[in-house]
$ cat entry_31.csv   # CSV, C-alpha atoms
chain,number,residue,atom,x,y,z
V,430,MET,CA,13.6,5.6,8.6
V,431,THR,CA,14.4,5.8,4.9
V,432,HIS,CA,17.8,4.5,3.8
V,433,THR,CA,19.6,6.8,1.3
V,434,THR,CA,21.5,4.3,-0.8
V,435,ASN,CA,22.1,5.9,-4.2
V,436,ASN,CA,20.2,4.0,-6.9
V,437,SER,CA,22.8,4.4,-9.7
V,438,ALA,CA,25.8,3.3,-7.6
V,439,ALA,CA,24.4,0.7,-5.1
V,440,THR,CA,25.6,-2.8,-5.6
V,441,ASP,CA,23.4,-5.9,-4.9
V,442,HIS,CA,25.3,-6.4,-1.7
V,443,GLN,CA,24.8,-2.8,-0.5
V,444,ILE,CA,21.1,-3.0,-1.3
V,445,ARG,CA,20.7,-6.3,0.6
V,446,ASP,CA,22.4,-4.8,3.7
V,447,ALA,CA,20.2,-1.7,3.5
V,448,VAL,CA,17.0,-3.9,3.3
V,449,LEU,CA,18.2,-6.0,6.2
V,450,ARG,CA,18.7,-2.9,8.3
V,451,GLU,CA,15.2,-1.6,7.5
V,452,LEU,CA,13.7,-5.0,8.4
V,453,ALA,CA,15.6,-5.0,11.7
V,454,LEU,CA,14.3,-1.4,12.5
V,455,ASP,CA,10.7,-2.2,11.7
V,456,PRO,CA,8.9,-3.3,15.0
V,457,ARG,CA,6.2,-5.0,12.9
V,458,VAL,CA,8.6,-7.5,11.4
V,459,ASP,CA,10.6,-10.3,13.0
V,460,ALA,CA,13.7,-9.9,10.8
V,461,ALA,CA,14.9,-13.4,11.7
V,462,ASP,CA,12.0,-14.9,9.8
V,463,VAL,CA,12.7,-13.0,6.5
V,464,GLY,CA,15.3,-13.8,3.9
V,465,VAL,CA,16.6,-11.2,1.4
V,466,LEU,CA,18.0,-12.0,-2.0
V,467,VAL,CA,19.1,-9.3,-4.5
V,468,ASN,CA,19.8,-9.8,-8.2
V,469,CYS,CA,20.5,-6.9,-10.5
V,470,GLY,CA,18.7,-4.6,-8.1
V,471,THR,CA,15.5,-6.7,-7.7
V,472,VAL,CA,14.8,-7.7,-4.1
V,473,THR,CA,13.2,-11.0,-3.4
V,474,LEU,CA,11.8,-11.5,0.1
V,475,THR,CA,11.5,-15.1,1.4
V,476,GLY,CA,10.7,-16.9,4.6
V,477,PHE,CA,7.7,-17.6,6.8
V,478,VAL,CA,5.6,-15.3,9.0
V,479,CYS,CA,2.6,-15.7,11.2
V,480,ASN,CA,0.3,-13.2,9.5
V,481,LEU,CA,-0.3,-11.2,6.3
V,482,ALA,CA,0.3,-7.9,8.1
V,483,GLU,CA,3.9,-8.9,8.8
V,484,LYS,CA,4.4,-10.0,5.2
V,485,LEU,CA,3.2,-6.6,3.9
V,486,ALA,CA,5.3,-4.7,6.5
V,487,ALA,CA,8.4,-6.5,5.3
V,488,GLN,CA,7.5,-5.4,1.7
V,489,GLU,CA,7.1,-1.8,2.8
V,490,ALA,CA,10.4,-1.9,4.6
V,491,ALA,CA,12.2,-3.1,1.5
V,492,HIS,CA,10.6,-0.3,-0.6
V,493,ARG,CA,11.8,2.3,1.9
V,494,VAL,CA,15.4,1.7,0.7
V,495,ARG,CA,15.8,4.3,-2.0
V,496,ALA,CA,17.8,2.1,-4.3
V,497,VAL,CA,15.0,-0.5,-4.4
V,498,LEU,CA,12.6,-0.2,-7.3
V,499,ASP,CA,11.3,-3.8,-7.6
V,500,VAL,CA,10.3,-6.2,-4.8
V,501,ALA,CA,9.2,-9.8,-5.2
V,502,ASN,CA,7.4,-10.8,-2.0
V,503,ASP,CA,7.7,-14.6,-1.8
V,504,ILE,CA,7.2,-14.7,2.0
V,505,GLU,CA,4.6,-17.3,3.0
V,506,VAL,CA,2.1,-16.9,5.7
V,507,HIS,CA,1.9,-19.9,8.1
V,508,ASN,CA,-0.5,-19.5,11.0
V,509,PRO,CA,0.3,-21.5,14.1
V,510,SER,CA,-2.3,-24.1,14.7
V,511,ALA,CA,-3.4,-22.3,17.8
V,512,LEU,CA,-4.3,-19.3,15.7
V,513,ALA,CA,-5.8,-21.1,12.8
V,514,ARG,CA,-9.2,-20.1,11.6
V,515,THR,CA,-11.7,-21.6,9.2
V,516,ASP,CA,-12.7,-19.6,6.1
V,517,THR,CA,-16.1,-19.1,7.7
V,518,GLU,CA,-14.5,-17.6,10.8
V,519,ILE,CA,-12.4,-15.3,8.7
V,520,ALA,CA,-15.4,-14.2,6.7
V,521,GLN,CA,-17.3,-13.5,9.9
V,522,ALA,CA,-14.4,-11.6,11.5
V,523,LEU,CA,-14.0,-9.5,8.4
V,524,ARG,CA,-17.7,-8.6,8.3
V,525,MET,CA,-17.6,-7.6,12.0
V,526,ALA,CA,-14.4,-5.5,11.4
V,527,LEU,CA,-16.1,-3.7,8.5
V,528,GLU,CA,-19.2,-3.0,10.6
V,529,TRP,CA,-17.1,-1.5,13.4
V,530,ASP,CA,-15.2,0.8,11.1
V,531,ALA,CA,-17.4,3.9,10.4
V,532,THR,CA,-15.1,5.1,7.7
V,533,VAL,CA,-15.8,2.4,5.2
V,534,PRO,CA,-19.1,1.8,3.3
V,535,GLN,CA,-19.4,-1.8,4.5
V,536,GLN,CA,-22.8,-2.5,2.9
V,537,LYS,CA,-21.2,-1.9,-0.5
V,538,VAL,CA,-18.5,-4.5,0.1
V,539,LYS,CA,-18.7,-8.3,-0.4
V,540,SER,CA,-16.0,-10.9,0.4
V,541,THR,CA,-15.2,-14.5,-0.6
V,542,VAL,CA,-12.8,-16.5,1.6
V,543,SER,CA,-11.1,-19.6,0.2
V,544,SER,CA,-8.1,-21.4,1.9
V,545,GLY,CA,-7.4,-18.2,3.8
V,546,TRP,CA,-7.4,-16.0,0.8
V,547,VAL,CA,-9.9,-13.1,0.9
V,548,THR,CA,-11.3,-11.7,-2.4
V,549,LEU,CA,-13.1,-8.3,-2.0
V,550,THR,CA,-15.8,-7.2,-4.5
V,551,GLY,CA,-18.4,-4.4,-4.7
V,552,GLU,CA,-18.5,-0.8,-5.7
V,553,VAL,CA,-17.5,2.2,-3.5
V,554,PRO,CA,-17.5,6.0,-4.1
V,555,THR,CA,-13.7,6.7,-3.9
V,556,SER,CA,-10.4,5.0,-4.3
V,557,GLN,CA,-9.7,5.9,-0.6
V,558,ASP,CA,-12.7,3.8,0.4
V,559,ARG,CA,-11.3,0.9,-1.6
V,560,ILE,CA,-7.9,1.2,0.1
V,561,ARG,CA,-9.5,1.5,3.6
V,562,VAL,CA,-11.3,-1.8,3.1
V,563,GLU,CA,-8.2,-3.6,1.9
V,564,ARG,CA,-6.2,-2.4,4.9
V,565,ILE,CA,-8.6,-4.0,7.3
V,566,VAL,CA,-8.0,-7.5,6.0
V,567,PRO,CA,-4.3,-8.1,6.9
V,568,LYS,CA,-5.1,-7.4,10.6
V,569,LEU,CA,-7.3,-10.5,10.8
V,570,LEU,CA,-5.9,-13.7,12.1
V,571,GLY,CA,-5.8,-16.6,9.6
V,572,VAL,CA,-5.7,-14.5,6.4
V,573,ARG,CA,-3.0,-15.6,4.0
V,574,GLY,CA,-3.6,-13.1,1.2
V,575,VAL,CA,-6.0,-10.6,-0.2
V,576,VAL,CA,-7.3,-9.8,-3.7
V,577,ASN,CA,-9.0,-6.4,-4.0
V,578,ASN,CA,-11.5,-6.4,-6.9
V,579,ILE,CA,-13.6,-3.6,-5.5
V,580,SER,CA,-14.5,-1.0,-8.2
V,581,VAL,CA,-15.0,2.7,-7.8
V,582,LYS,CA,-18.3,4.2,-8.9
V,583,SER,CA,-17.7,5.9,-12.2
V,584,ASN,CA,-17.9,9.7,-12.2
V,585,ALA,CA,-15.6,11.1,-14.9
V,586,SER,CA,-13.4,13.3,-12.7
V,587,SER,CA,-11.2,15.6,-14.8
V,588,ALA,CA,-7.5,16.3,-14.3
V,589,PRO,CA,-8.2,20.0,-13.2
V,590,THR,CA,-10.8,18.8,-10.7
V,591,VAL,CA,-8.4,16.2,-9.1
V,592,LYS,CA,-5.6,18.8,-9.1
V,593,ASN,CA,-7.8,21.3,-7.3
V,594,PHE,CA,-8.8,18.7,-4.8
V,595,ILE,CA,-5.1,18.0,-4.1
V,596,ASP,CA,-4.3,21.7,-3.8
V,597,GLN,CA,-7.2,22.2,-1.4
V,598,PHE,CA,-6.0,19.3,0.7
V,599,GLN,CA,-2.5,20.5,0.9
V,600,GLN,CA,-3.2,24.1,2.0
V,601,PRO,CA,-4.4,23.4,5.5
V,602,HIS,CA,-1.6,20.9,5.9
V,603,GLY,CA,1.1,23.5,5.1
V,604,GLU,CA,2.2,21.7,1.9
V,605,SER,CA,4.0,23.6,-0.8
V,606,GLU,CA,4.3,21.1,-3.6
V,607,ALA,CA,1.3,22.1,-5.8
V,608,ASP,CA,3.4,23.7,-8.5
V,609,ARG,CA,5.6,20.7,-8.9
V,610,ILE,CA,2.8,18.2,-9.4
V,611,VAL,CA,1.2,17.1,-12.7
V,612,VAL,CA,-2.1,15.3,-12.7
V,613,ARG,CA,-3.5,13.4,-15.7
V,614,VAL,CA,-6.9,11.5,-15.7
V,615,LYS,CA,-7.9,9.0,-18.4
V,616,ASP,CA,-10.6,6.3,-18.2
V,617,GLY,CA,-11.1,6.6,-14.5
V,618,THR,CA,-7.3,6.4,-13.8
V,619,VAL,CA,-5.4,9.3,-12.4
V,620,SER,CA,-1.6,9.6,-12.8
V,621,VAL,CA,0.3,11.8,-10.4
V,622,THR,CA,3.8,12.8,-11.4
V,623,GLY,CA,6.3,15.4,-10.1
V,624,ARG,CA,8.6,15.9,-7.1
V,625,VAL,CA,8.0,16.2,-3.4
V,626,ASN,CA,10.4,16.8,-0.5
V,627,ASN,CA,9.8,13.7,1.6
V,628,LEU,CA,7.7,10.5,1.9
V,629,SER,CA,5.1,12.2,4.1
V,630,GLU,CA,4.3,14.8,1.5
V,631,LYS,CA,4.1,12.0,-1.2
V,632,GLN,CA,1.7,10.1,1.0
V,633,ALA,CA,-0.4,13.3,1.5
V,634,VAL,CA,-0.7,14.0,-2.2
V,635,ILE,CA,-1.6,10.4,-3.1
V,636,GLY,CA,-4.0,10.2,-0.3
V,637,ALA,CA,-5.7,13.4,-1.5
V,638,ALA,CA,-6.0,11.9,-5.1
V,639,CYS,CA,-7.5,8.8,-3.7
V,640,CYS,CA,-10.2,10.8,-2.0
V,641,ALA,CA,-11.5,12.3,-5.3
V,642,THR,CA,-14.7,10.6,-6.4
V,643,GLY,CA,-15.1,8.5,-9.6
V,644,LEU,CA,-11.5,7.3,-9.9
V,645,ASN,CA,-10.8,3.6,-10.2
V,646,LYS,CA,-7.1,3.8,-9.8
V,647,VAL,CA,-4.3,6.1,-8.7
V,648,GLU,CA,-0.9,5.7,-10.3
V,649,ASP,CA,1.9,7.1,-8.2
V,650,HIS,CA,4.8,8.5,-10.2
V,651,LEU,CA,6.0,11.0,-7.6
V,652,ARG,CA,9.7,11.2,-6.9
V,653,VAL,CA,11.0,12.1,-3.5
V,654,ASP,CA,13.7,14.7,-3.8
V,655,PRO,CA,14.8,16.5,-0.6
V,656,ASN,CA,16.6,19.1,-2.7
V,657,CYS,CA,13.6,20.1,-4.9

$ encode --input "entry_31.csv" --output "structure tokens"
Amino acid sequence: MTHTTNNSAATDHQIRDAVLRELALDPRVDAADVGVLVNCGTVTLTGFVCNLAEKLAAQEAAHRVRAVLDVANDIEVHNPSALARTDTEIAQALRMALEWDATVPQQKVKSTVSSGWVTLTGEVPTSQDRIRVERIVPKLLGVRGVVNNISVKSNASSAPTVKNFIDQFQQPHGESEADRIVVRVKDGTVSVTGRVNNLSEKQAVIGAACCATGLNKVEDHLRVDPNC
């Protein structure tokens, strides 16, 4: 569910209420564990949760409120003693998870674990590979945070090449946003701007850009506009 609070008119109180509703509706989050502060439109999340996945889910819930542009995620991850893991155990669990996931190039990825924080390094073919590896980490017990320093193998993709890739991806999915999307590529970073009808279409476009080879970073400047 995406709350439709208008960005130009919403007060801090309205934004806070909308974020609290999104948290309550998200089954991944125990809303009772999360505090919400709003100051001049900036949302700060506080509290304590049992795992990193819940912390990130709370962050996603806040960003689903249309009036929210900036979120400071100050939620702390405190694992119950029964679920505590040593750094060695976390590293071993991560390696096993990478080996079990056939969609990630696990041999190209290295990790360092310190005090529950996982730092990822290595070089992968696409930004999508980089994202897939990062998404595995929050699912592991004992992880308090993740730093993704994985790089993407350089392969100077041009803007037309990435745009064509997005267009080809959209056609079988029934998307119709190609003419409203502008793609720019510079120094391995692709910037995607324009308008889409809904969040699903936005995710499809950004996902397609991430699958293009040779891109280190994808900057999402797409605007969701149901009336476009």

$ atom_distance --input "entry_31.csv" --atom1 "atom CA of V:Ala460" --atom2 "atom CA of V:Val448"
10.2 Å

$ closest_residue --input "entry_31.csv" --among "V:Val611, V:Val478, V:Val506, V:Val547" --to "V:Ala522" --atoms "only C-alpha atoms"
V:Val547

$ closest_residue --input "entry_31.csv" --among "V:Asn480, V:Asn627, V:Thr548, V:Thr475" --to "V:Arg573" --atoms "all atoms listed in the file"
V:Asn480

$ closest_residue --input "entry_31.csv" --among "V:Ile519, V:Val625, V:Leu452, V:Val463" --to "V:Glu489" --atoms "all atoms listed in the file"
V:Leu452

$ residues_near_point --input "entry_31.csv" --point "(6.0, -17.6, 8.3)" --cutoff "7 Å" --atoms "all atoms listed in the file" --output "list in words"
Asp462, Gly476, Phe477, Val478, Cys479, Glu505, Val506 and His507 of chain V

$ atom_distance --input "entry_31.csv" --atom1 "atom CA of V:Val458" --atom2 "atom CA of V:Ala520"
25.4 Å

$ atom_distance --input "entry_31.csv" --atom1 "atom CA of V:Val572" --atom2 "atom CA of V:Val465"
23.1 Å

$ residues_near_point --input "entry_31.csv" --point "(-5.9, -3.9, 8.6)" --cutoff "12 Å" --atoms "all atoms listed in the file" --output "short mmCIF file (atom, residue, chain, number, x, y, z; two decimals) with C-alpha atoms, keeping the file's coordinate frame"
data_model
loop_
_atom_site.label_atom_id
_atom_site.label_comp_id
_atom_site.auth_asym_id
_atom_site.auth_seq_id
_atom_site.Cartn_x
_atom_site.Cartn_y
_atom_site.Cartn_z
CA ASN V 480 0.30 -13.20 9.50
CA LEU V 481 -0.30 -11.20 6.30
CA ALA V 482 0.30 -7.90 8.10
CA GLU V 483 3.90 -8.90 8.80
CA LEU V 485 3.20 -6.60 3.90
CA ALA V 486 5.30 -4.70 6.50
CA ALA V 522 -14.40 -11.60 11.50
CA LEU V 523 -14.00 -9.50 8.40
CA ALA V 526 -14.40 -5.50 11.40
CA LEU V 527 -16.10 -3.70 8.50
CA ASP V 530 -15.20 0.80 11.10
CA ILE V 560 -7.90 1.20 0.10
CA ARG V 561 -9.50 1.50 3.60
CA VAL V 562 -11.30 -1.80 3.10
CA GLU V 563 -8.20 -3.60 1.90
CA ARG V 564 -6.20 -2.40 4.90
CA ILE V 565 -8.60 -4.00 7.30
CA VAL V 566 -8.00 -7.50 6.00
CA PRO V 567 -4.30 -8.10 6.90
CA LYS V 568 -5.10 -7.40 10.60
CA LEU V 569 -7.30 -10.50 10.80
CA LEU V 570 -5.90 -13.70 12.10
CA VAL V 572 -5.70 -14.50 6.40
CA VAL V 575 -6.00 -10.60 -0.20
#

$ closest_residue --input "entry_31.csv" --among "V:Glu630, V:Glu552, V:Ala487, V:Val467" --to "V:Ala453" --atoms "all atoms listed in the file"
V:Ala487

$ closest_residue --input "entry_31.csv" --among "V:Arg445, V:Lys537, V:Arg524, V:Lys484" --to "V:Ala496" --atoms "all atoms listed in the file"
V:Arg445

$ closest_residue --input "entry_31.csv" --among "V:Arg450, V:Arg514, V:Arg609, V:Lys615" --to "V:Ala490" --atoms "all atoms listed in the file"
V:Arg450
